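Structure, as structure tokens:
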Amino acid sequence: MSRVPALVSILVPAYNAAHYLPELCRSIQAQTYSDYEVLIGDDGSSDDTATVLAPFLQDRRFRVLAWKPNRGLNQGLAMLCAAMRGDYWSSPGADDALHPLFLEKRVALLEGNPQAFVAHGPPELVSESDKAREMGPINLSLPPRISPPRSLEILLQHNIINQPSAMVRSSVTKEVLPFLHWNWAYSPDWFLWILHAATGFDIMWDPRMLIRCRLHANSLSYEAQKDHLRRAERRLVPLIALRQAAHYSQWASGCWTHLGRRLYWQWLRQALALRSRKGLRSEWVQLAAQAYYGFKGKPVSFGMEVAKHAVGVLTTDLLCRRALKRQRFPISGLAHVDDPIFR
């Protein structure tokens, strides 16, 4: 008796993306693997998104979930995750396009490796002028499989998983969703992958380029306030995600015992730099302290925290600076873990 093919949920949060959506939808319909559902979240769009999607709704595999007002990319993806029915899910951007073999190859990799939570690969990045270039994890020599606890430690150093290229095991996602914080501007996927890796499942890498992602000019904006937020999240996300994961994972609990203090000390070092630029927010200080101490109590004093942990902050900063000198890839997280793939 033949096995029923796995259903893949393709989740596409979209806001005013009518110009790009038809190309993505056509690339989905051109897939060699046909057992999928497409859930497009129209996130309060004011353009003609509904009009351009209408022809694709003749394909019963396509559905549009619309809501108002606009809730943002993260909340949109959360709502689509709640509605998905697939064994696996993938979430390309509304302005991306899939290679015809994308679903077939990703499904085969996950079906052949039941202990993996994700299969991902390098994107082909295309600028608005349609000039393609390579970027990101494709510059790393990633092994075909990364297992725990190494997978978790690598993710605490850097987010190596390109979300649009990823296909994820839905059962693992549903397990970690209650622990997920969605309100990150730049790093929600990093938080998500740390939670997934803490379950003890593996990360699979496919070096083929099976997705084309569009890089917009405004993606490169470094306005001061945005840069402050980006810098803060680079330290808060691994700290808080690991603390959350320690609630359900032996891997994360052991990792927290080993690295939790270093993550907090690294955050304090970044917070000092943000304060010198007048970019430190009090809520970030309290959020980090709550994660580190594991309770919601009396608000901490930033000055007292720095004084209390001064030796640890200085030591961790020194260790990270030394590690960075050995690493050819720019690290966003805890550099002193110093996994060889970043060298």
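Each chain in the structure tokens gets a letter, A, B, ..., in the order shown, and its residues are numbered from 1; ligands are numbered from 1 in order too.
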
**Study point:** Long-range neighbours of stretch 232-243 of chain A as a PyMOL selection string, 6 Å cut-off, only C-alpha atoms, 2 positions minimum in chain
**Key:** chain A and resi 156+191+229-230+245-246+263+267+291+332

Exercise for review: Within stretch 100-324 of chain A, find each residue whose DSSP state, derived from the backbone, is strand (DSSP E), and express the selection as a list in words.
Suggested key: Ala116, Phe117, Val118, Ala119, His120, Glu124, Leu125, Val126, Ser127, Ala132, Arg133, Arg145, Ile146, Met167, Val168, Arg169, Asp202, Ile203, Met204, Trp205, Ile211, Arg212, Cys213, Arg214 and Leu215 of chain A

Practice item. Please identify all polymer residues within 7 Å of stretch 81-94 of chain A, counting only C-alpha atoms, omitting same-chain residues fewer than 2 positions from it, and present them as a PyMOL selection string. Key: chain A and resi 6-14+17+20-21+24+77-79+96+164-170

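Non-sequential neighbours of A:Pro5 (distance at most 12 Å, separation of 4 or more positions within a chain, only C-alpha atoms) are Tyr33, Ser34, Asp35, Tyr36, Gly86, Asp87, Tyr88, Leu103, Glu104, Val107, Ala108 and Glu111 of chain A.
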
Practice item. Pick out the residues sitting within 8 Å of A:Val64, and hand them over as a ChimeraX atom specification; count only C-alpha atoms, and ignore anything fewer than 5 positions along from it in its own chain. Key: /A:39-42

Review point. A:Pro144, A:Ser187, A:Leu180, A:Gly121: which is nearest A:Asn162, counting only C-alpha atoms?
Key: A:Gly121

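Checking A:Ser276, A:His19, A:Asp202, A:Leu142 one by one against A:Pro340, counting only C-alpha atoms, you find the shortest gap at A:Leu142.
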
Exercise for review: Just the residues within 10 Å of A:Val285, please, counting only C-alpha atoms, with nothing from its chain fewer than 6 positions along; format it as a VMD selection string.
Suggested key: chain A and resid 232 236 267 to 268 271 299 to 302 305
